[in-house]
file entry_1.csv (CSV, C-alpha atoms)
chain,number,residue,atom,x,y,z
M,1,MET,CA,31.0,-51.6,7.6
M,2,LEU,CA,29.8,-52.7,4.2
M,3,ARG,CA,26.4,-53.7,5.7
M,4,SER,CA,26.0,-50.3,7.2
M,5,ARG,CA,26.7,-48.6,3.8
M,6,LEU,CA,24.2,-50.9,2.1
M,7,TRP,CA,21.5,-50.0,4.7
M,8,ALA,CA,22.3,-46.3,4.2
M,9,ALA,CA,22.1,-46.7,0.5
M,10,LEU,CA,18.8,-48.5,0.7
M,11,PHE,CA,17.5,-45.9,3.2
M,12,LEU,CA,18.5,-43.1,0.7
M,13,ILE,CA,16.9,-44.9,-2.3
M,14,VAL,CA,13.6,-45.4,-0.4
M,15,GLY,CA,13.6,-41.8,0.6
M,16,LEU,CA,14.2,-40.5,-2.9
M,17,ALA,CA,11.6,-42.8,-4.4
M,18,ALA,CA,9.0,-41.6,-1.8
M,19,GLY,CA,9.9,-38.0,-2.4
M,20,TYR,CA,9.5,-38.5,-6.2
M,21,PHE,CA,6.1,-40.1,-5.6
M,22,ASP,CA,5.0,-37.3,-3.3
M,23,TRP,CA,5.8,-34.5,-5.8
M,24,SER,CA,4.7,-36.4,-9.0
M,25,GLY,CA,1.3,-36.0,-10.4
M,26,TYR,CA,0.3,-39.6,-9.8
M,27,PHE,CA,-2.3,-40.2,-7.1
M,28,PRO,CA,-2.9,-36.6,-6.0
M,29,PHE,CA,-3.5,-35.8,-2.4
M,30,ASN,CA,-7.1,-35.7,-1.2
M,31,LEU,CA,-7.8,-32.2,0.1
M,32,GLY,CA,-10.6,-31.4,2.4
M,33,PRO,CA,-13.0,-28.4,1.9
M,34,ASP,CA,-10.9,-26.2,4.2
M,35,LEU,CA,-7.9,-26.5,1.8
M,36,GLN,CA,-9.5,-27.0,-1.6
M,37,GLY,CA,-12.6,-25.0,-0.9
M,38,GLY,CA,-16.1,-26.6,-0.6
M,39,ILE,CA,-18.9,-27.3,1.8
M,40,SER,CA,-19.3,-29.1,5.0
M,41,LEU,CA,-22.7,-30.2,6.3
M,42,GLU,CA,-23.5,-31.8,9.6
M,43,TYR,CA,-26.8,-33.6,10.1
M,44,LYS,CA,-28.5,-34.8,13.2
M,45,ALA,CA,-29.8,-38.4,12.9
M,46,ASP,CA,-33.0,-39.3,14.7
M,47,THR,CA,-32.4,-42.7,16.2
M,48,SER,CA,-35.1,-42.6,18.8
M,49,ARG,CA,-37.1,-45.3,17.0
M,50,ILE,CA,-34.1,-47.6,16.5
M,51,PRO,CA,-33.3,-50.2,19.1
M,52,PRO,CA,-29.9,-49.3,20.8
M,53,ALA,CA,-28.3,-52.5,19.5
M,54,GLU,CA,-29.2,-51.6,15.9
M,55,VAL,CA,-28.1,-47.9,16.0
M,56,SER,CA,-24.6,-48.5,14.7
M,57,GLU,CA,-25.9,-50.6,11.8
M,58,ALA,CA,-28.5,-48.0,10.9
M,59,MET,CA,-25.9,-45.2,10.9
M,60,ALA,CA,-23.7,-47.2,8.7
M,61,GLY,CA,-26.6,-47.7,6.3
M,62,LEU,CA,-27.4,-44.0,6.4
M,63,ARG,CA,-23.8,-43.2,5.5
M,64,ASP,CA,-23.8,-45.7,2.6
M,65,VAL,CA,-27.1,-44.2,1.2
M,66,ILE,CA,-25.9,-40.6,1.4
M,67,GLU,CA,-22.6,-41.6,-0.2
M,68,ARG,CA,-24.5,-43.4,-3.0
M,69,ARG,CA,-26.7,-40.3,-3.6
M,70,VAL,CA,-23.8,-37.9,-3.7
M,71,ASN,CA,-21.9,-40.1,-6.1
M,72,ILE,CA,-24.9,-40.3,-8.4
M,73,PHE,CA,-24.7,-36.5,-8.8
M,74,GLY,CA,-21.1,-36.6,-9.8
M,75,VAL,CA,-19.4,-35.1,-6.7
M,76,SER,CA,-15.8,-36.2,-6.7
M,77,GLU,CA,-14.1,-37.5,-3.6
M,78,PRO,CA,-16.8,-36.8,-1.0
M,79,ARG,CA,-16.1,-37.6,2.6
M,80,ILE,CA,-19.0,-38.9,4.6
M,81,GLN,CA,-18.6,-40.0,8.2
M,82,THR,CA,-20.6,-40.6,11.3
M,83,LYS,CA,-19.8,-39.4,14.8
M,84,LYS,CA,-21.4,-39.1,18.2
M,85,VAL,CA,-21.7,-35.8,20.0
M,86,GLY,CA,-23.0,-36.2,23.5
M,87,GLY,CA,-25.9,-38.5,23.2
M,88,GLU,CA,-26.7,-37.5,19.6
M,89,ASN,CA,-25.7,-39.3,16.4
M,90,ARG,CA,-24.4,-37.1,13.7
M,91,LEU,CA,-23.6,-37.5,10.0
M,92,VAL,CA,-20.9,-35.2,8.5
M,93,VAL,CA,-20.8,-34.6,4.7
M,94,ASP,CA,-17.7,-32.9,3.3
M,95,LEU,CA,-18.0,-31.9,-0.4
M,96,ALA,CA,-14.7,-30.5,-1.6
M,97,GLY,CA,-15.0,-28.4,-4.8
M,98,VAL,CA,-18.7,-27.8,-4.3
M,99,PHE,CA,-19.6,-24.1,-3.5
M,100,ASP,CA,-23.4,-23.9,-3.9
M,101,ILE,CA,-24.7,-24.7,-0.4
M,102,GLY,CA,-28.3,-24.8,-1.6
M,103,GLU,CA,-27.5,-27.3,-4.3
M,104,ALA,CA,-25.5,-29.4,-1.8
M,105,ILE,CA,-28.4,-29.5,0.7
M,106,LYS,CA,-30.8,-30.4,-2.1
M,107,ILE,CA,-28.5,-33.3,-3.1
M,108,ILE,CA,-28.5,-34.7,0.4
M,109,GLY,CA,-32.1,-33.8,1.4
M,110,GLU,CA,-33.6,-35.1,-1.9
M,111,THR,CA,-33.4,-38.6,-0.6
M,112,PRO,CA,-36.9,-39.4,0.8
M,113,TYR,CA,-37.6,-41.0,4.1
M,114,LEU,CA,-40.3,-43.7,3.7
M,115,GLU,CA,-42.3,-45.2,6.5
M,116,PHE,CA,-45.5,-47.2,7.2
M,117,ARG,CA,-47.7,-46.3,10.2
M,118,ALA,CA,-50.5,-48.3,11.7
M,119,LEU,CA,-53.5,-47.2,13.8
M,120,ARG,CA,-53.0,-46.7,17.5
M,121,PRO,CA,-54.8,-49.6,19.4
M,122,GLY,CA,-58.4,-48.6,20.4
M,123,THR,CA,-58.8,-46.0,17.7
M,124,ASP,CA,-62.4,-45.5,16.5
M,125,LEU,CA,-62.4,-46.4,12.8
M,126,ALA,CA,-65.3,-44.0,12.1
M,127,SER,CA,-63.3,-40.9,13.1
M,128,THR,CA,-59.8,-41.8,12.1
M,129,THR,CA,-57.3,-39.0,11.4
M,130,PHE,CA,-53.6,-39.1,10.4
M,131,ALA,CA,-52.8,-38.2,14.0
M,132,ASP,CA,-54.1,-41.6,15.1
M,133,PHE,CA,-51.3,-43.4,13.2
M,134,VAL,CA,-48.1,-44.5,15.0
M,135,PRO,CA,-44.8,-45.6,13.4
M,136,THR,CA,-44.1,-49.3,12.7
M,137,ALA,CA,-40.8,-51.0,12.3
M,138,LEU,CA,-41.2,-50.9,8.5
M,139,THR,CA,-39.3,-48.0,6.8
M,140,GLY,CA,-37.3,-47.3,3.7
M,141,ARG,CA,-34.3,-49.2,5.0
M,142,TYR,CA,-36.0,-52.4,3.9
M,143,LEU,CA,-36.9,-51.2,0.4
M,144,GLN,CA,-35.3,-53.3,-2.3
M,145,LYS,CA,-36.7,-51.7,-5.5
M,146,ALA,CA,-39.3,-49.1,-6.6
M,147,SER,CA,-40.9,-48.9,-10.0
M,148,VAL,CA,-43.6,-47.0,-11.9
M,149,ASP,CA,-46.9,-48.6,-12.9
M,150,PHE,CA,-50.2,-47.3,-14.2
M,151,SER,CA,-53.7,-48.2,-13.0
M,152,GLN,CA,-55.7,-49.9,-15.7
M,153,ASN,CA,-58.9,-48.2,-14.6
M,154,ALA,CA,-57.9,-44.5,-14.2
M,155,LEU,CA,-54.5,-44.5,-16.0
M,156,GLU,CA,-53.0,-43.0,-12.8
M,157,PRO,CA,-49.4,-43.5,-12.1
M,158,ALA,CA,-48.6,-45.7,-9.2
M,159,VAL,CA,-45.3,-46.4,-7.4
M,160,LEU,CA,-44.7,-50.0,-6.7
M,161,LEU,CA,-42.5,-51.0,-3.8
M,162,ASP,CA,-40.6,-54.3,-3.4
M,163,PHE,CA,-39.2,-55.1,0.0
M,164,ASN,CA,-36.2,-57.3,0.9
M,165,GLU,CA,-36.7,-60.5,2.9
M,166,GLU,CA,-36.8,-58.8,6.3
M,167,GLY,CA,-39.1,-56.1,5.0
M,168,THR,CA,-41.4,-58.7,3.4
M,169,LYS,CA,-41.7,-60.4,6.8
M,170,LEU,CA,-42.5,-57.1,8.6
M,171,PHE,CA,-45.0,-56.1,5.9
M,172,GLY,CA,-46.8,-59.4,6.3
M,173,GLU,CA,-47.0,-59.0,10.1
M,174,ILE,CA,-48.3,-55.5,9.8
M,175,THR,CA,-51.0,-56.3,7.2
M,176,ARG,CA,-52.0,-59.5,9.2
M,177,ALA,CA,-52.5,-57.4,12.3
M,178,ASN,CA,-54.5,-54.7,10.5
M,179,VAL,CA,-56.9,-56.5,8.2
M,180,GLY,CA,-59.9,-54.3,7.7
M,181,LYS,CA,-58.0,-51.2,9.0
M,182,PRO,CA,-56.0,-48.5,7.2
M,183,VAL,CA,-52.2,-48.5,7.1
M,184,ALA,CA,-50.7,-45.1,6.3
M,185,ILE,CA,-47.8,-44.5,4.0
M,186,TYR,CA,-45.6,-41.5,4.9
M,187,LEU,CA,-42.9,-39.8,2.8
M,188,ASP,CA,-40.6,-37.3,4.5
M,189,GLY,CA,-43.0,-37.1,7.5
M,190,LEU,CA,-46.1,-36.3,5.3
M,191,PRO,CA,-49.0,-38.8,4.8
M,192,ILE,CA,-49.2,-40.0,1.1
M,193,SER,CA,-52.1,-42.5,1.4
M,194,SER,CA,-53.9,-44.7,3.8
M,195,PRO,CA,-55.2,-47.8,2.0
M,196,ILE,CA,-57.5,-50.3,3.8
M,197,VAL,CA,-55.9,-53.7,4.3
M,198,GLN,CA,-58.1,-56.3,2.7
M,199,GLU,CA,-56.0,-59.3,3.6
M,200,GLU,CA,-52.5,-60.3,4.7
M,201,ILE,CA,-49.9,-59.4,2.1
M,202,SER,CA,-47.0,-61.8,2.2
M,203,SER,CA,-45.7,-61.1,-1.3
M,204,GLY,CA,-43.4,-58.3,-0.1
M,205,GLY,CA,-44.9,-55.6,-2.3
M,206,ALA,CA,-46.8,-52.4,-1.7
M,207,GLN,CA,-48.3,-49.7,-3.9
M,208,ILE,CA,-48.7,-45.9,-3.6
M,209,THR,CA,-51.4,-44.4,-5.8
M,210,GLY,CA,-53.5,-41.3,-6.2
M,211,ARG,CA,-51.1,-38.5,-5.5
M,212,PHE,CA,-48.7,-38.3,-8.4
M,213,THR,CA,-48.3,-37.1,-12.0
M,214,ALA,CA,-46.3,-39.3,-14.3
M,215,VAL,CA,-43.3,-37.0,-13.9
M,216,GLN,CA,-43.6,-37.0,-10.1
M,217,ALA,CA,-43.9,-40.8,-9.9
M,218,ARG,CA,-40.8,-41.3,-12.0
M,219,ASP,CA,-38.9,-38.8,-9.9
M,220,LEU,CA,-40.0,-40.5,-6.7
M,221,VAL,CA,-38.9,-43.9,-8.0
M,222,ARG,CA,-35.5,-42.5,-9.0
M,223,ARG,CA,-35.0,-41.0,-5.5
M,224,LEU,CA,-36.2,-44.2,-3.8
M,225,ASN,CA,-33.9,-46.4,-5.9
M,226,SER,CA,-30.9,-44.2,-5.2
M,227,GLY,CA,-31.5,-45.0,-1.5
M,228,ALA,CA,-34.3,-44.5,0.9
M,229,LEU,CA,-33.0,-43.1,4.2
M,230,PRO,CA,-33.0,-45.8,6.9
M,231,ILE,CA,-33.5,-43.0,9.6
M,232,PRO,CA,-34.6,-39.4,9.4
M,233,ILE,CA,-32.0,-36.6,9.4
M,234,SER,CA,-32.1,-32.9,10.0
M,235,LEU,CA,-29.5,-30.3,9.0
M,236,GLY,CA,-27.6,-28.9,12.0
M,237,LEU,CA,-24.5,-27.1,10.9
M,238,GLN,CA,-23.4,-25.9,7.5
M,239,GLN,CA,-20.1,-24.3,6.5
M,240,GLY,CA,-18.8,-23.1,3.1
M,241,ILE,CA,-15.2,-22.1,2.2
M,242,GLY,CA,-14.5,-20.4,-1.1
M,243,ALA,CA,-11.9,-21.7,-3.5
M,244,SER,CA,-9.6,-18.6,-3.1
M,245,LEU,CA,-9.7,-18.9,0.7
M,246,GLY,CA,-8.9,-22.7,0.5
M,247,GLU,CA,-5.9,-22.0,-1.8
M,248,ARG,CA,-4.6,-19.3,0.6
M,249,ILE,CA,-4.9,-21.6,3.6
M,250,LEU,CA,-3.1,-24.4,1.7
M,251,SER,CA,-0.3,-22.0,0.6
M,252,GLN,CA,0.1,-20.8,4.2
M,253,MET,CA,0.2,-24.4,5.5
M,254,ILE,CA,2.9,-25.4,2.9
M,255,SER,CA,5.0,-22.4,3.8
M,256,ALA,CA,4.7,-23.1,7.5
M,257,GLY,CA,5.8,-26.7,6.9
M,258,ILE,CA,8.8,-25.7,4.8
M,259,TYR,CA,9.9,-23.0,7.3
M,260,GLY,CA,9.4,-25.3,10.3
M,261,THR,CA,11.4,-28.1,8.7
M,262,ILE,CA,14.2,-25.8,7.8
M,263,ALA,CA,14.3,-24.5,11.4
M,264,VAL,CA,14.5,-28.0,12.8
M,265,ALA,CA,17.2,-29.0,10.3
M,266,LEU,CA,19.3,-25.9,11.2
M,267,PHE,CA,18.9,-26.6,14.9
M,268,LEU,CA,20.2,-30.1,14.4
M,269,LEU,CA,23.1,-29.1,12.2
M,270,LEU,CA,24.2,-26.3,14.5
M,271,PHE,CA,24.1,-28.2,17.7
M,272,TYR,CA,24.9,-31.7,16.7
M,273,ARG,CA,27.1,-31.3,13.5
M,274,LEU,CA,27.6,-34.7,11.8
M,275,PRO,CA,25.0,-36.6,14.0
M,276,GLY,CA,22.6,-33.7,13.2
M,277,LEU,CA,23.2,-34.3,9.5
M,278,THR,CA,22.2,-37.9,9.9
M,279,ALA,CA,19.1,-36.9,11.9
M,280,VAL,CA,18.1,-34.4,9.1
M,281,ALA,CA,18.4,-37.1,6.5
M,282,ALA,CA,16.3,-39.4,8.7
M,283,LEU,CA,13.7,-36.7,9.1
M,284,ALA,CA,13.6,-36.1,5.4
M,285,VAL,CA,13.0,-39.8,4.7
M,286,TYR,CA,10.3,-39.8,7.5
M,287,ALA,CA,8.5,-36.9,5.9
M,288,ALA,CA,8.7,-38.3,2.4
M,289,LEU,CA,7.5,-41.8,3.5
M,290,SER,CA,4.6,-40.3,5.6
M,291,LEU,CA,3.4,-38.2,2.7
M,292,ALA,CA,3.6,-41.2,0.3
M,293,ILE,CA,1.5,-43.2,2.8
M,294,PHE,CA,-1.0,-40.4,2.9
M,295,LYS,CA,-1.4,-40.7,-0.9
M,296,LEU,CA,-1.6,-44.5,-1.0
M,297,ILE,CA,-4.2,-45.1,1.8
M,298,PRO,CA,-5.5,-42.3,0.9
M,299,VAL,CA,-5.6,-39.9,3.9
M,300,TYR,CA,-8.1,-37.0,3.7
M,301,LEU,CA,-5.9,-33.9,4.4
M,302,THR,CA,-7.3,-31.0,6.3
M,303,ALA,CA,-5.6,-27.9,7.8
M,304,ALA,CA,-5.7,-29.5,11.2
M,305,GLY,CA,-4.2,-32.7,9.9
M,306,ILE,CA,-1.3,-30.9,8.1
M,307,ALA,CA,-0.6,-29.0,11.3
M,308,GLY,CA,-0.5,-32.2,13.2
M,309,PHE,CA,1.9,-33.7,10.6
M,310,ILE,CA,4.2,-30.6,10.9
M,311,LEU,CA,4.2,-31.0,14.7
M,312,SER,CA,5.1,-34.7,14.3
M,313,ILE,CA,8.3,-33.7,12.3
M,314,GLY,CA,9.5,-31.8,15.4
M,315,MET,CA,8.5,-34.6,17.7
M,316,ALA,CA,10.4,-37.1,15.5
M,317,VAL,CA,13.6,-35.4,16.5
M,318,ASP,CA,13.4,-37.0,19.9

call {"tool": "encode", "arguments": {"input": "entry_1.csv", "output": "structure tokens"}}
result
Amino acid sequence: MLRSRLWAALFLIVGLAAGYFDWSGYFPFNLGPDLQGGISLEYKADTSRIPPAEVSEAMAGLRDVIERRVNIFGVSEPRIQTKKVGGENRLVVDLAGVFDIGEAIKIIGETPYLEFRALRPGTDLASTTFADFVPTALTGRYLQKASVDFSQNALEPAVLLDFNEEGTKLFGEITRANVGKPVAIYLDGLPISSPIVQEEISSGGAQITGRFTAVQARDLVRRLNSGALPIPISLGLQQGIGASLGERILSQMISAGIYGTIAVALFLLLFYRLPGLTAVAALAVYAALSLAIFKLIPVYLTAAGIAGFILSIGMAVD
């Protein structure tokens, strides 16, 4: 008997502590754009040039790069996740508290996609056009650092690129196979330059010149250093929810949760009396502990997620 009372007391203390933690101002709940208001953007990722075995790694790298760029611009608590729809890889960016869709698209799309292309085999060097260049394995995913430099001859700004170990190896292979031929450098799908390879370059460095002002060069370096996209993306779906609408949805969800919990509690008390009172206490502790866990992990709360939680309270009666 004493042991049962001790367990009951411990059960009550844990529930009260969890309830206090839930309603205190410490560790606020992370609310999604549909509750707080904000923007949701969904991008399609072009993985056609990535070997199937490397797609998961490339998508993880894409998510990390976008998250780093969003954080640089001071967006608090962004949620960035990847998913697969049919045969397409998608990147979903939820920016709670951001209401300017144009600015949000600029934040994401400002990250450049850098790639190197080589001439298609059999191309006549005397009549080469940019349409004759085909993609190589070397892209911005292998970029380690970018910096600004100035040509001593023309005082023109240049962007210097330093690759990581794997990128250095790829760049060496590309230059070795294309000595005496041009290798084109593309940025966001547009050709920037096509220098002639004089010799194999094994130092892991490249240079982009001739197309920038000092301001443009510094801006490009900043963008590259914040993360060059490992794979190209294109905007698919976009959705914005105003702050007032988000507050109204949240208020309605809270009201629905309160009324639903009261209805379940009344049902238990009316039909089961004392055992029902025990069940109500257990449900209260269950709800308090669940919300506390949502704060600690933390769980990103959306309208659909809260609806599922309310449903779970009713299911917990069983």

call {"tool": "closest_residue", "arguments": {"input": "entry_1.csv", "among": "M:Ile208, M:Ala184, M:Ala256, M:Ile233", "to": "Ala118 in chain M", "atoms": "only C-alpha atoms"}}
result
M:Ala184

call {"tool": "residues_around", "arguments": {"input": "entry_1.csv", "residues": "range 173-175 of chain M", "least_positions_apart": "3", "cutoff": "8 Å", "atoms": "all atoms listed in the file", "output": "PyMOL selection string"}}
result
chain M and resi 118+169-170+178-179+183+197+199-201

call {"tool": "atom_distance", "arguments": {"input": "entry_1.csv", "atom1": "CA of Gly32 in chain M", "atom2": "CA of Val92 in chain M"}}
result
12.6 Å

call {"tool": "residues_near_point", "arguments": {"input": "entry_1.csv", "point": "(-41.3, -40.8, 3.9)", "cutoff": "9 Å", "atoms": "all atoms listed in the file", "output": "list in words"}}
result
Pro112, Tyr113, Leu114, Glu115, Phe116, Thr139, Gly140, Ile185, Tyr186, Leu187, Asp188, Gly189, Leu190, Pro191, Ile192, Ala228, Leu229 and Pro232 of chain M

call {"tool": "closest_residue", "arguments": {"input": "entry_1.csv", "among": "M:Pro28, M:Gly236, M:Glu57, M:Phe130", "to": "Tyr43 in chain M", "atoms": "all atoms listed in the file"}}
result
M:Gly236

call {"tool": "build_atoms", "arguments": {"input": "entry_1.csv", "residues": "range 173-190 of chain M", "atoms": "N, CA and C atoms", "output": "short mmCIF file (atom, residue, chain, number, x, y, z; two decimals), in the coordinates of the input"}}
result
data_model
loop_
_atom_site.label_atom_id
_atom_site.label_comp_id
_atom_site.auth_asym_id
_atom_site.auth_seq_id
_atom_site.Cartn_x
_atom_site.Cartn_y
_atom_site.Cartn_z
N GLU M 173 -46.52 -59.11 8.69
CA GLU M 173 -47.00 -59.00 10.10
C GLU M 173 -47.90 -57.81 10.26
N ILE M 174 -47.53 -56.68 9.64
CA ILE M 174 -48.30 -55.50 9.80
C ILE M 174 -49.70 -55.63 9.13
N THR M 175 -49.73 -56.17 7.92
CA THR M 175 -51.00 -56.30 7.20
C THR M 175 -51.87 -57.40 7.92
N ARG M 176 -51.25 -58.43 8.46
CA ARG M 176 -52.00 -59.50 9.20
C ARG M 176 -52.69 -58.91 10.41
N ALA M 177 -52.00 -58.00 11.09
CA ALA M 177 -52.50 -57.40 12.30
C ALA M 177 -53.52 -56.30 12.07
N ASN M 178 -53.62 -55.85 10.80
CA ASN M 178 -54.50 -54.70 10.50
C ASN M 178 -55.48 -54.97 9.37
N VAL M 179 -55.92 -56.21 9.23
CA VAL M 179 -56.90 -56.50 8.20
C VAL M 179 -58.21 -55.75 8.53
N GLY M 180 -58.73 -55.07 7.51
CA GLY M 180 -59.90 -54.30 7.70
C GLY M 180 -59.65 -52.87 8.22
N LYS M 181 -58.38 -52.54 8.45
CA LYS M 181 -58.00 -51.20 9.00
C LYS M 181 -57.06 -50.53 7.96
N PRO M 182 -56.98 -49.21 8.06
CA PRO M 182 -56.00 -48.50 7.20
C PRO M 182 -54.60 -48.57 7.69
N VAL M 183 -53.67 -48.62 6.77
CA VAL M 183 -52.20 -48.50 7.10
C VAL M 183 -51.73 -47.31 6.28
N ALA M 184 -51.16 -46.32 6.95
CA ALA M 184 -50.70 -45.10 6.30
C ALA M 184 -49.30 -45.18 5.79
N ILE M 185 -49.09 -44.60 4.62
CA ILE M 185 -47.80 -44.50 4.00
C ILE M 185 -47.30 -43.09 4.10
N TYR M 186 -46.16 -42.87 4.74
CA TYR M 186 -45.60 -41.50 4.90
C TYR M 186 -44.33 -41.36 4.12
N LEU M 187 -44.16 -40.17 3.57
CA LEU M 187 -42.90 -39.80 2.80
C LEU M 187 -42.42 -38.51 3.37
N ASP M 188 -41.20 -38.53 3.91
CA ASP M 188 -40.60 -37.30 4.50
C ASP M 188 -41.51 -36.73 5.59
N GLY M 189 -42.17 -37.60 6.36
CA GLY M 189 -43.00 -37.10 7.50
C GLY M 189 -44.39 -36.71 7.08
N LEU M 190 -44.74 -36.76 5.78
CA LEU M 190 -46.10 -36.30 5.30
C LEU M 190 -46.85 -37.55 4.84
#
